[in-house]
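**Student:** You'll find entry_5.cif just under this line, and it carries mmCIF, C-alpha atoms and all ligand atoms.
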data_my_file
#
loop_
_atom_site.label_atom_id
_atom_site.label_comp_id
_atom_site.auth_asym_id
_atom_site.auth_seq_id
_atom_site.Cartn_x
_atom_site.Cartn_y
_atom_site.Cartn_z
CA MET A 17 -0.62 21.75 -7.49
CA SER A 18 -4.38 22.11 -7.36
CA GLU A 19 -6.65 19.10 -7.02
CA THR A 20 -8.43 20.02 -10.25
CA ALA A 21 -5.28 19.41 -12.34
CA LEU A 22 -6.04 15.69 -12.52
CA LYS A 23 -5.42 14.07 -15.91
CA SER A 24 -8.68 12.63 -17.13
CA THR A 25 -8.82 9.00 -16.09
CA ASP A 26 -8.98 6.27 -18.64
CA VAL A 27 -12.47 4.77 -18.39
CA TRP A 28 -11.06 1.40 -19.46
CA ASP A 29 -8.75 1.36 -16.43
CA LEU A 30 -11.65 1.92 -14.07
CA GLN A 31 -13.70 -0.75 -15.80
CA HIS A 32 -10.73 -3.08 -15.37
CA TYR A 33 -10.63 -2.12 -11.68
CA ALA A 34 -14.33 -2.96 -11.25
CA GLU A 35 -13.95 -6.33 -12.96
CA ASN A 36 -10.55 -7.43 -11.65
CA GLY A 37 -10.13 -5.56 -8.37
CA PHE A 38 -7.01 -3.71 -9.53
CA ALA A 39 -5.87 -1.40 -12.31
CA VAL A 40 -2.73 0.28 -13.57
CA GLU A 41 -2.85 3.94 -14.63
CA ARG A 42 0.09 4.44 -17.01
CA GLY A 43 2.01 7.71 -16.79
CA PHE A 44 -0.29 9.07 -14.08
CA PHE A 45 2.51 11.10 -12.43
CA SER A 46 5.23 13.26 -13.94
CA GLU A 47 8.88 12.48 -13.20
CA SER A 48 9.09 15.56 -10.99
CA GLU A 49 6.06 14.48 -8.94
CA ILE A 50 7.70 11.12 -8.31
CA ARG A 51 11.04 12.79 -7.49
CA GLU A 52 9.37 15.19 -5.03
CA THR A 53 7.82 12.28 -3.09
CA ARG A 54 11.01 10.23 -3.22
CA GLU A 55 13.00 13.13 -1.80
CA LEU A 56 10.62 13.48 1.13
CA LEU A 57 10.38 9.75 1.89
CA THR A 58 14.02 8.70 1.49
CA PRO A 59 15.39 10.60 4.54
CA LEU A 60 12.70 9.01 6.74
CA PHE A 61 14.51 5.67 6.30
CA GLU A 62 17.89 7.02 7.47
CA ASN A 63 19.15 5.81 10.88
CA PHE A 64 16.19 3.46 10.79
CA ALA A 65 17.21 1.27 13.73
CA GLU A 66 16.90 4.30 16.06
CA LYS A 67 13.35 5.00 14.89
CA VAL A 68 11.74 1.58 15.32
CA GLY A 69 8.45 1.73 17.22
CA GLN A 70 4.82 0.69 16.96
CA ARG A 71 4.37 2.15 13.49
CA ILE A 72 7.97 1.86 12.26
CA ARG A 73 9.39 -1.62 11.72
CA ASP A 74 11.52 -3.77 9.45
CA ILE A 75 9.52 -6.89 8.64
CA GLY A 76 12.60 -8.60 7.17
CA ALA A 77 14.82 -7.93 10.16
CA ILE A 78 14.19 -11.07 12.12
CA GLY A 79 16.97 -12.80 13.99
CA ASP A 80 20.24 -10.88 13.91
CA ALA A 81 19.43 -8.60 10.99
CA GLN A 82 19.61 -4.89 11.84
CA PRO A 83 16.30 -2.97 11.33
CA GLY A 84 16.59 -0.89 8.17
CA THR A 85 18.58 -3.48 6.23
CA ARG A 86 15.77 -5.68 4.83
CA GLN A 87 12.25 -4.28 4.43
CA PRO A 88 11.82 -1.16 6.53
CA GLU A 89 8.26 0.16 6.67
CA ILE A 90 6.73 3.37 8.04
CA ASP A 91 3.00 3.45 8.78
CA ARG A 92 1.31 6.83 8.44
CA ALA A 93 4.38 8.50 6.97
CA ILE A 94 2.35 11.72 6.66
CA LYS A 95 2.43 12.03 10.46
CA VAL A 96 6.23 12.00 10.39
CA CYS A 97 6.43 14.21 7.29
CA PRO A 98 3.25 16.32 6.82
CA GLU A 99 4.73 17.90 3.63
CA LEU A 100 3.82 14.63 1.92
CA THR A 101 0.18 15.80 1.88
CA GLN A 102 1.17 18.69 -0.42
CA THR A 103 2.82 16.48 -3.04
CA GLY A 104 1.40 15.85 -6.49
CA VAL A 105 1.29 12.14 -5.63
CA PHE A 106 -0.94 12.69 -2.59
CA LEU A 107 -3.21 15.27 -4.25
CA LYS A 108 -3.64 13.33 -7.49
CA THR A 109 -4.41 10.01 -5.82
CA LYS A 110 -6.90 11.79 -3.58
CA ALA A 111 -8.52 13.40 -6.63
CA LEU A 112 -8.72 10.05 -8.41
CA ALA A 113 -10.32 8.49 -5.32
CA ARG A 114 -12.88 11.29 -5.38
CA GLU A 115 -13.62 10.55 -9.03
CA MET A 116 -14.05 6.85 -8.27
CA ILE A 117 -16.15 7.26 -5.12
CA GLY A 118 -18.30 9.95 -6.72
CA ARG A 119 -18.00 12.33 -3.74
CA SER A 120 -15.22 13.92 -1.74
CA ALA A 121 -12.47 11.54 -0.65
CA HIS A 122 -10.50 11.76 2.59
CA TYR A 123 -7.25 10.27 3.83
CA VAL A 124 -7.52 7.01 5.79
CA PHE A 125 -4.03 5.49 5.89
CA ASP A 126 -0.64 5.41 4.23
CA HIS A 127 2.56 3.42 4.54
CA ALA A 128 5.94 3.55 2.86
CA ILE A 129 8.03 0.45 2.24
CA SER A 130 11.64 0.23 1.12
CA LYS A 131 12.68 -3.21 -0.07
CA MET A 132 16.42 -3.05 0.38
CA PRO A 133 18.81 -4.39 -2.30
CA HIS A 134 19.06 -8.20 -2.20
CA SER A 135 17.05 -8.22 1.03
CA ASN A 136 15.21 -11.36 -0.01
CA THR A 137 12.08 -10.28 1.89
CA SER A 138 8.68 -10.93 0.33
CA THR A 139 5.39 -9.29 1.22
CA PRO A 140 3.17 -12.37 1.62
CA TRP A 141 -0.25 -12.81 -0.01
CA HIS A 142 -2.85 -10.77 1.81
CA GLN A 143 -5.97 -8.65 1.49
CA ASP A 144 -5.54 -5.16 2.95
CA ARG A 145 -8.74 -5.67 4.91
CA GLY A 146 -7.10 -8.73 6.50
CA TYR A 147 -4.94 -6.29 8.49
CA MET A 148 -7.99 -4.85 10.22
CA LYS A 149 -9.86 -6.16 13.18
CA ALA A 150 -12.48 -8.75 12.37
CA LYS A 151 -15.56 -6.98 11.04
CA THR A 152 -13.88 -3.57 10.67
CA HIS A 153 -15.06 -2.54 7.27
CA LEU A 154 -13.62 0.50 5.51
CA GLU A 155 -14.66 1.30 1.95
CA THR A 156 -11.40 2.63 0.59
CA VAL A 157 -9.56 2.90 -2.70
CA ASN A 158 -5.99 1.71 -2.11
CA PHE A 159 -3.19 3.13 -4.23
CA TRP A 160 0.33 1.78 -4.62
CA VAL A 161 2.89 4.20 -6.00
CA PRO A 162 6.26 2.72 -6.97
CA LEU A 163 8.96 5.40 -6.88
CA GLN A 164 11.21 3.80 -9.53
CA PRO A 165 10.54 1.45 -12.44
CA THR A 166 9.38 -1.80 -10.86
CA GLY A 167 9.04 -5.36 -12.11
CA PRO A 168 9.19 -8.92 -10.78
CA GLU A 169 12.96 -8.56 -10.18
CA ASN A 170 12.58 -5.79 -7.58
CA GLY A 171 9.26 -6.59 -5.95
CA THR A 172 6.37 -5.31 -8.03
CA LEU A 173 2.90 -6.12 -6.71
CA SER A 174 1.25 -9.34 -7.91
CA TYR A 175 -2.53 -9.48 -7.98
CA VAL A 176 -5.06 -12.31 -8.13
CA PRO A 177 -7.59 -10.92 -10.66
CA GLY A 178 -11.20 -10.99 -9.48
CA SER A 179 -10.32 -11.93 -5.89
CA HIS A 180 -12.01 -8.73 -4.62
CA ALA A 181 -15.37 -10.34 -5.44
CA GLY A 182 -14.80 -13.05 -2.83
CA ASP A 183 -14.93 -12.93 0.95
CA LEU A 184 -12.41 -11.71 3.46
CA LEU A 185 -10.19 -14.77 3.93
CA PRO A 186 -8.61 -15.93 7.19
CA HIS A 187 -5.21 -14.31 7.72
CA PHE A 188 -2.47 -15.96 9.77
CA ARG A 189 0.71 -15.05 11.57
CA ASP A 190 3.66 -17.28 10.78
CA SER A 191 6.45 -18.02 13.25
CA ASN A 192 8.97 -17.62 10.40
CA LEU A 193 7.78 -14.07 9.68
CA HIS A 194 7.84 -10.76 11.56
CA PRO A 195 4.95 -10.61 14.11
CA HIS A 196 3.34 -7.70 12.24
CA VAL A 197 3.00 -9.74 9.06
CA LEU A 198 -0.19 -11.57 8.14
CA ARG A 199 -0.62 -13.93 5.24
CA THR A 200 -3.44 -15.73 3.51
CA GLU A 201 -3.64 -18.49 0.91
CA ALA A 202 -3.77 -17.55 -2.77
CA ASN A 203 -3.96 -19.33 -6.07
CA GLU A 204 -0.58 -18.09 -7.32
CA ALA A 205 -1.07 -19.63 -10.75
CA GLU A 206 -3.75 -17.01 -11.47
CA ALA A 207 -1.68 -14.02 -10.35
CA VAL A 208 -0.45 -11.25 -12.62
CA SER A 209 2.58 -9.02 -11.93
CA PRO A 210 2.51 -5.74 -13.85
CA ARG A 211 5.79 -4.18 -14.98
CA LEU A 212 5.63 -0.51 -14.07
CA GLU A 213 7.47 2.49 -15.48
CA LEU A 214 8.26 5.65 -13.55
CA GLY A 215 4.99 7.55 -13.10
CA ASP A 216 2.70 4.51 -13.32
CA LEU A 217 0.13 4.04 -10.56
CA CYS A 218 -1.49 0.83 -9.27
CA LEU A 219 -4.79 0.78 -7.42
CA HIS A 220 -6.63 -2.08 -5.79
CA HIS A 221 -9.73 -2.91 -3.81
CA PRO A 222 -9.30 -3.67 -0.05
CA LEU A 223 -10.30 -7.31 -0.70
CA THR A 224 -7.99 -7.93 -3.68
CA ILE A 225 -5.42 -10.63 -2.84
CA HIS A 226 -1.91 -9.37 -3.57
CA SER A 227 1.73 -9.82 -2.64
CA ALA A 228 5.17 -8.49 -3.59
CA GLY A 229 8.27 -10.56 -4.17
CA PRO A 230 11.81 -9.90 -2.94
CA ASN A 231 14.10 -7.25 -4.39
CA GLU A 232 16.92 -9.02 -6.21
CA THR A 233 18.50 -5.85 -7.64
CA ASP A 234 21.31 -3.55 -6.41
CA SER A 235 18.99 -0.61 -5.66
CA PRO A 236 16.27 -0.12 -3.04
CA ARG A 237 12.65 -0.46 -4.20
CA LEU A 238 10.66 2.31 -2.57
CA ALA A 239 6.86 2.45 -2.72
CA TRP A 240 4.19 4.56 -1.06
CA SER A 241 0.69 3.15 -0.40
CA LEU A 242 -2.22 5.53 0.19
CA HIS A 243 -5.81 4.71 1.14
CA PHE A 244 -8.72 7.16 0.72
CA GLY A 245 -12.41 6.78 1.53
CA ALA A 246 -15.58 8.89 1.60
CA TYR A 247 -15.46 9.37 5.38
CA GLY A 248 -11.72 9.28 5.99
CA ARG A 249 -10.66 7.99 9.40
CA LEU A 250 -14.13 8.84 10.76
CA GLU A 251 -15.32 5.61 9.15
CA TYR A 252 -13.66 3.73 12.02
CA LEU A 253 -16.35 5.29 14.21
CA LYS A 254 -19.38 3.93 12.37
CA PRO A 255 -21.32 1.72 14.81
CA SER A 256 -20.35 -1.64 13.25
CA ASN A 257 -16.64 -0.68 13.33
CA LEU A 258 -16.84 0.66 16.89
CA TRP A 259 -18.45 -2.62 17.91
CA ALA A 260 -15.64 -4.56 16.21
CA PHE A 261 -13.10 -2.43 18.07
CA LEU A 262 -14.75 -3.00 21.45
CA ARG A 263 -14.82 -6.74 20.85
CA ASN A 264 -11.19 -6.87 19.73
CA PRO A 265 -9.13 -3.77 20.53
CA MET A 266 -5.97 -5.29 18.95
CA THR A 267 -5.60 -3.42 15.67
CA VAL A 268 -2.90 -3.40 13.09
CA SER A 269 -4.12 -0.63 10.79
O1 LIG A 301 5.16 -2.50 -1.18
C1 LIG A 301 4.99 -3.68 -0.85
O2 LIG A 301 5.91 -4.49 -0.82
C2 LIG A 301 3.64 -4.18 -0.45
C3 LIG A 301 2.59 -3.12 -0.43
C4 LIG A 301 1.23 -3.66 -0.18
O3 LIG A 301 0.98 -4.83 -0.08
C5 LIG A 301 0.14 -2.71 -0.04
O4 LIG A 301 0.36 -1.50 -0.06
O5 LIG A 301 -1.01 -3.17 0.09
#
Please lay out the structure from this file as structure tokens.
Ligand SMILES: O=C(O)CCC(=O)C(=O)O
**Tutor:**
Amino acid sequence: MSETALKSTDVWDLQHYAENGFAVERGFFSESEIRETRELLTPLFENFAEKVGQRIRDIGAIGDAQPGTRQPEIDRAIKVCPELTQTGVFLKTKALAREMIGRSAHYVFDHAISKMPHSNTSTPWHQDRGYMKAKTHLETVNFWVPLQPTGPENGTLSYVPGSHAGDLLPHFRDSNLHPHVLRTEANEAEAVSPRLELGDLCLHHPLTIHSAGPNETDSPRLAWSLHFGAYGRLEYLKPSNLWAFLRNPMTVS
């Protein structure tokens, strides 16, 4: 697929993104584009317990639960499976990021999450920027691609509209949660949870407060998140980000 084959983006969606900090692009991907990505990601979750490492974890597997049975997650899945960068999902989200940024867009980060059936694991309220070192500031467009129809029953994203216009909030670890997980406070009453059909795409600003509930269904809920920015991973090297890194080398991104 060539990058120029992007469906023209609905201006309303991008206006909604600017005002609310998130948007949903309906029918952005074809069924075969979703299937192609699903078929590459699914095997990465097999024999999960043997793969656990710094960038591969199960945030629901605390206590006796076996990694891979609750909410397995793979950071930078494209490193494990470079073919992902040739998929329609990767190329079309990158092209949309380019359209939004107004210049070429480059890969910054991705992660894949499988909420296992009845795993009862939530993704707590957070801002994506909350997972970066204090003062690390990346201007990215963050996409969330559900790989099956998704609603509140299987862990769709919930967003607090307009929260991207506020500050970066304090994020906390919680002794009841996996040590990787950070959470912040949110006004849940304001949140919206879009129901998504196969092929729909969500995008949000790095400061938008969002969460995802547990998966109460009999099937896994697989999603792939992709972040693109004008400078790609080089943006970590801009002086203010280098300074943040030197002051606090602990990073989660
Ligand atoms: O897929 C999920 O459960 C959460 C994903 C998420 O919060 C994100 O990609 O920013």
**Student:** Of the residues A:Ala81, A:Leu198, A:Ala34, A:Ala246, which is the one nearest to A:His180, using only C-alpha atoms?
**Tutor:**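 Of A:Ala81, A:Leu198, A:Ala34, A:Ala246, the one nearest A:His180 is A:Ala34, counting only C-alpha atoms.
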**Student:** For a test of reading the model, state the distance in Å between atom CA of A:Glu155 and atom CA of A:Gly215, rounded to one decimal.
**Tutor:** 25.5 Å
**Student:** Go ahead and compute the interatomic distance for atom CA of A:Ala128 and atom O4 of ligand LIG 301 (chain A), in Å to one decimal.
**Tutor:**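 Interatomic distance here is 8.1 Å.
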**Student:** Kindly provide, as a PyMOL selection string, all nucleotide and amino acid residues lying within 6 Å of ligand LIG 301 (chain A), counting all atoms listed in the file.
**Tutor:** chain A and resi 129+139+144+160+227-228+239+241
**Student:** When you draw a straight line from atom CA of A:Pro168 to atom CA of A:Arg73, how long is it in Å?
**Tutor:**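 According to the coordinates, atom CA of A:Pro168 and atom CA of A:Arg73 are separated by 23.7 Å.
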**Student:** Here is a test: counting all atoms listed in the file, which residue of A:Asn36, A:Met132, A:Thr152, A:Glu66 is nearest to A:Glu206?
**Tutor:**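 Nearest to A:Glu206: A:Asn36.
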**Student:** Grab all the atoms of stretch 238-253 of chain A that the file lists, wrap them in a box along x, y and z, add 8 Å per side, and give me centre plus edge lengths in Å (one decimal) as JSON.
**Tutor:**
{"center_x": -2.8, "center_y": 5.8, "center_z": 5.7, "size_x": 43.0, "size_y": 23.1, "size_z": 32.9}
**Student:** Just want the 10 Å neighbourhood of A:Tyr175, counted on only C-alpha atoms, with same-chain residues fewer than 2 positions away dropped. Output as a ChimeraX atom specification.
**Tutor:** /A:36-39,141-142,172-173,177-179,202,204,206-210,220,224-228
**Student:** Write the selection just made, keeping C-alpha atoms, as a tab-separated table (two decimals), in the coordinates of the input?
**Tutor:**
chain	number	residue	atom	x	y	z
A	36	ASN	CA	-10.55	-7.43	-11.65
A	37	GLY	CA	-10.13	-5.56	-8.37
A	38	PHE	CA	-7.01	-3.71	-9.53
A	39	ALA	CA	-5.87	-1.40	-12.31
A	141	TRP	CA	-0.25	-12.81	-0.01
A	142	HIS	CA	-2.85	-10.77	1.81
A	172	THR	CA	6.37	-5.31	-8.03
A	173	LEU	CA	2.90	-6.12	-6.71
A	177	PRO	CA	-7.59	-10.92	-10.66
A	178	GLY	CA	-11.20	-10.99	-9.48
A	179	SER	CA	-10.32	-11.93	-5.89
A	202	ALA	CA	-3.77	-17.55	-2.77
A	204	GLU	CA	-0.58	-18.09	-7.32
A	206	GLU	CA	-3.75	-17.01	-11.47
A	207	ALA	CA	-1.68	-14.02	-10.35
A	208	VAL	CA	-0.45	-11.25	-12.62
A	209	SER	CA	2.58	-9.02	-11.93
A	210	PRO	CA	2.51	-5.74	-13.85
A	220	HIS	CA	-6.63	-2.08	-5.79
A	224	THR	CA	-7.99	-7.93	-3.68
A	225	ILE	CA	-5.42	-10.63	-2.84
A	226	HIS	CA	-1.91	-9.37	-3.57
A	227	SER	CA	1.73	-9.82	-2.64
A	228	ALA	CA	5.17	-8.49	-3.59
**Student:** Between A:Pro255, A:Gly245, A:Gly69, A:Gly43, single out the one closest to A:Arg119, counting all atoms listed in the file.
**Tutor:**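 The closest residue to A:Arg119 is A:Gly245.
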**Student:** Need to verify the contact set: A:Ser256, 10 Å, only C-alpha atoms, exclusion of same-chain residues closer than 5 positions in sequence. Can you return it as JSON, numbers by chain?
**Tutor:** {"A": [151, 152, 153, 251, 261]}
**Student:** Looking at A:Glu52, A:Pro140, A:Ser235, A:Gly171, which one is nearest to A:Asp190, with distances taken over only C-alpha atoms?
**Tutor:** A:Pro140
**Student:** Can you tell me, as a PyMOL selection string, what residues are no more than 9 Å from A:Leu242 when counting all atoms listed in the file, ignoring any on the same chain fewer than 4 positions away?
**Tutor:** chain A and resi 106+109-110+123-128+157-161
**Student:** Determine, counting all atoms listed in the file, which protein, DNA and RNA residues have an atom within 10 Å of an atom of stretch 53-55 of chain A; residues of the same chain fewer than 2 positions away are not included. Present the result as a PyMOL selection string.
**Tutor:** chain A and resi 48-51+57-60+99-106+161-164+238-240
**Student:** Place a sphere of radius 7 Å on (4.4, 6.1, -13.2) in the file coordinates and name every protein, DNA or RNA residue with an atom inside or on its surface, counting all atoms listed in the file; give the answer as number ranges by chain.
**Tutor:** A: 42-45, 212-217
**Student:** Given the choices A:Thr156, A:Arg86, A:His194, A:Ala205, which gets closest to A:Phe244 if the distance is worked out from all atoms listed in the file?
**Tutor:**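 When distances to A:Phe244 are compared using all atoms listed in the file, the smallest one comes from A:Thr156.
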**Student:** Taking (15.9, -9.4, -1.4) in the file's coordinates, which residues come within 12 Å, counting all atoms listed in the file, written as number ranges by chain?
**Tutor:** A: 76-77, 85-87, 130-139, 168-171, 228-237
**Student:** Residues of the last selection are to be written out with C-alpha atoms, as a CSV table (one decimal), keeping the file's coordinate frame.
**Tutor:**
chain,number,residue,atom,x,y,z
A,76,GLY,CA,12.6,-8.6,7.2
A,77,ALA,CA,14.8,-7.9,10.2
A,85,THR,CA,18.6,-3.5,6.2
A,86,ARG,CA,15.8,-5.7,4.8
A,87,GLN,CA,12.2,-4.3,4.4
A,130,SER,CA,11.6,0.2,1.1
A,131,LYS,CA,12.7,-3.2,-0.1
A,132,MET,CA,16.4,-3.0,0.4
A,133,PRO,CA,18.8,-4.4,-2.3
A,134,HIS,CA,19.1,-8.2,-2.2
A,135,SER,CA,17.0,-8.2,1.0
A,136,ASN,CA,15.2,-11.4,0.0
A,137,THR,CA,12.1,-10.3,1.9
A,138,SER,CA,8.7,-10.9,0.3
A,139,THR,CA,5.4,-9.3,1.2
A,168,PRO,CA,9.2,-8.9,-10.8
A,169,GLU,CA,13.0,-8.6,-10.2
A,170,ASN,CA,12.6,-5.8,-7.6
A,171,GLY,CA,9.3,-6.6,-6.0
A,228,ALA,CA,5.2,-8.5,-3.6
A,229,GLY,CA,8.3,-10.6,-4.2
A,230,PRO,CA,11.8,-9.9,-2.9
A,231,ASN,CA,14.1,-7.2,-4.4
A,232,GLU,CA,16.9,-9.0,-6.2
A,233,THR,CA,18.5,-5.8,-7.6
A,234,ASP,CA,21.3,-3.6,-6.4
A,235,SER,CA,19.0,-0.6,-5.7
A,236,PRO,CA,16.3,-0.1,-3.0
A,237,ARG,CA,12.6,-0.5,-4.2
**Student:** Rank nothing, just name the residue among A:Pro186, A:His196, A:Arg211, A:Gly118 nearest to A:Pro165, using all atoms listed in the file.
**Tutor:**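 Of all the options, A:Arg211 lies closest to A:Pro165.
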